[in-house]
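Beneath this line is the structure, given in structure tokens, with notes to follow.
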Amino acid sequence: MTGVLERFAGTEWTVDSLRRSGYGELPGWELLDGRLEKKMGKGFRHYNTTRLLHKALDLAFGTPDWCTFFEAPIQLDPGNLPEPDVSVVSRRSLEEERDARAEEVRLVVEVSYTTQDDDFGHRLSRYARAGIGEYWVVDVSASGALHIYTEPEGDGYLRHRLVVGDDEVPYVTRPLRSVLSDEPST
């Protein structure tokens, strides 16, 4: 199927036209700004950081109202169906067996190792335009910092908070160092 998708990579798509085409499940691809984009490969640091954040957020948000997903598509608008590394969404989409819509998203997390330009640029803008209330970027390349963006307005966010080392991660109530090292909570 990859060869077929690469042939259509230059085609303008909407979420609906993509679903009607029969390519509704696209492992390794995302619909971004109406174009199919091949996802970047990921290494151990990326996968492990994503696993640890998913685990921590699942404990914090595992309620009847919310659920935590790993690389699940979110429909931001007709031309954008990104698959963030971790997302916290309304349980309604799970019950209705469909992709979450932007208004049902509580939090989106991207783990950034080699994709900083995109995660702090285009993705941040897409999530802000869609009204995603909280966007986190974990920069694992060097700093190990967690960037928290809140209050979307236009193509950006009004607030930016940096969490490092022993700073507490919101909702998880544990220091970032503990969350990213898989230390047990105390």
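Each chain of the structure tokens is named A, B, ... in the order shown, its residues numbered from 1; ligands are numbered from 1 in display order.
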Inset, instruction - Could you find all residues in chain A that DSSP calls strand (DSSP E) from the backbone, and write them as a PyMOL selection string? - result: chain A and resi 29-32+35-38+66-70+74-75+86-90+100-101+105-112+134-139+145-153+156-163+168-169+174-175
Inset, instruction - Work out how far apart atom CA of A:Leu26 and atom CA of A:Glu83 are and give it in Å to one decimal. - result: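 Atom CA of A:Glu83 lies at a distance of 10.3 Å from atom CA of A:Leu26.
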Legend entry - In chain A, DSSP helix (DSSP H, G or I) residues written as JSON, numbers by chain: {"A": [2, 3, 4, 5, 6, 7, 15, 16, 17, 18, 19, 20, 44, 45, 46, 47, 48, 49, 50, 51, 52, 53, 54, 55, 56, 57, 58, 59, 60, 61, 91, 92, 93, 94, 95, 102, 103, 104, 116, 117, 118, 119, 122, 123, 124, 125, 126, 127, 128, 129, 176, 177, 178, 179, 180, 181]}
Legend entry - Closest of A:Val164, A:Leu180, A:Ala100, A:Ala130 to A:Lys55 - atom-to-atom distances counting only C-alpha atoms: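 Checking each candidate against A:Lys55, we get A:Leu180 as the closest.
With only C-alpha atoms as the atoms that count, the minimum distance from A:Arg174 to the choices A:Ala102, A:Leu81, A:Leu107, A:Leu59 is reached by A:Leu59.
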Inset, instruction - Could you give me, as a VMD selection string, the residues within 10 Å of stretch 41-47 of chain A, counting only C-alpha atoms and dropping anything in the same chain fewer than 3 positions from it? - result: chain A and resid 28 38 50 to 53 85 110 to 114 138 to 141
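Comparing the minimum interatomic distances between A:Gly34 and each of A:Leu124, A:Val15, A:Val137, A:Leu162, counting only C-alpha atoms, we find that A:Val15 sits nearest.
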Report as a Markdown table: every residue of stretch 38-124 of chain A with an atom at most 8 Å from stretch 167-173 of chain A, its closest pair of atoms, and their distance in Å to one decimal, counting only C-alpha atoms, with rows sorted by chain and ascending residue number.
| residue | atom | partner | partner_atom | distance |
| --- | --- | --- | --- | --- |
| A:Ala56 | CA | A:Val172 | CA | 6.2 |
| A:Leu57 | CA | A:Val172 | CA | 6.5 |
| A:Leu59 | CA | A:Val172 | CA | 7.7 |
| A:Ala60 | CA | A:Val172 | CA | 5.7 |
Go ahead and save the picked residues with N, CA, C and O atoms, as a PDB file, in the first residue's frame.
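Output below, filename selection-v9.pdb:
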ATOM      1  N   ALA A  56       1.982   7.891  32.601  1.00  0.00           N
ATOM      2  CA  ALA A  56       1.708   8.886  33.636  1.00  0.00           C
ATOM      3  C   ALA A  56       0.374   9.597  33.396  1.00  0.00           C
ATOM      4  O   ALA A  56      -0.412   9.791  34.326  1.00  0.00           O
ATOM      5  N   LEU A  57       0.122   9.984  32.154  1.00  0.00           N
ATOM      6  CA  LEU A  57      -1.128  10.685  31.855  1.00  0.00           C
ATOM      7  C   LEU A  57      -2.334   9.757  31.937  1.00  0.00           C
ATOM      8  O   LEU A  57      -3.427  10.192  32.311  1.00  0.00           O
ATOM      9  N   LEU A  59      -2.699   7.379  34.084  1.00  0.00           N
ATOM     10  CA  LEU A  59      -3.026   7.313  35.515  1.00  0.00           C
ATOM     11  C   LEU A  59      -3.756   8.576  35.958  1.00  0.00           C
ATOM     12  O   LEU A  59      -4.675   8.516  36.767  1.00  0.00           O
ATOM     13  N   ALA A  60      -3.354   9.719  35.422  1.00  0.00           N
ATOM     14  CA  ALA A  60      -3.962  10.984  35.814  1.00  0.00           C
ATOM     15  C   ALA A  60      -5.355  11.182  35.210  1.00  0.00           C
ATOM     16  O   ALA A  60      -6.229  11.766  35.846  1.00  0.00           O
TER      17      ALA A  60
END
Inset, instruction - Go through A:Asp65, A:Asp33, A:Glu12, A:Asp166 one by one, measure the shortest atom-to-atom distance of each to A:Ser125 using only C-alpha atoms, and give the residue with the smallest value. - result: A:Asp33
Inset, instruction - Quick one: pull the distance between atom CA of A:Leu36 and atom CA of A:Tyr127, Å, one decimal. - result: 17.5 Å
Inset, instruction - Rank nothing, just name the residue among A:Phe61, A:Trp66, A:Phe120, A:Tyr149 nearest to A:Leu94, using only C-alpha atoms. - result: A:Trp66
Legend entry - Computed interatomic separation between atom CA of A:Asn48 and atom CA of A:Ser181 (Å): 9.4 Å
Legend entry - Nearby residues (only C-alpha atoms) at most 8 Å from A:Leu32, same-chain spacing under 5 positions excluded, as a ChimeraX atom specification: /A:37,79-82
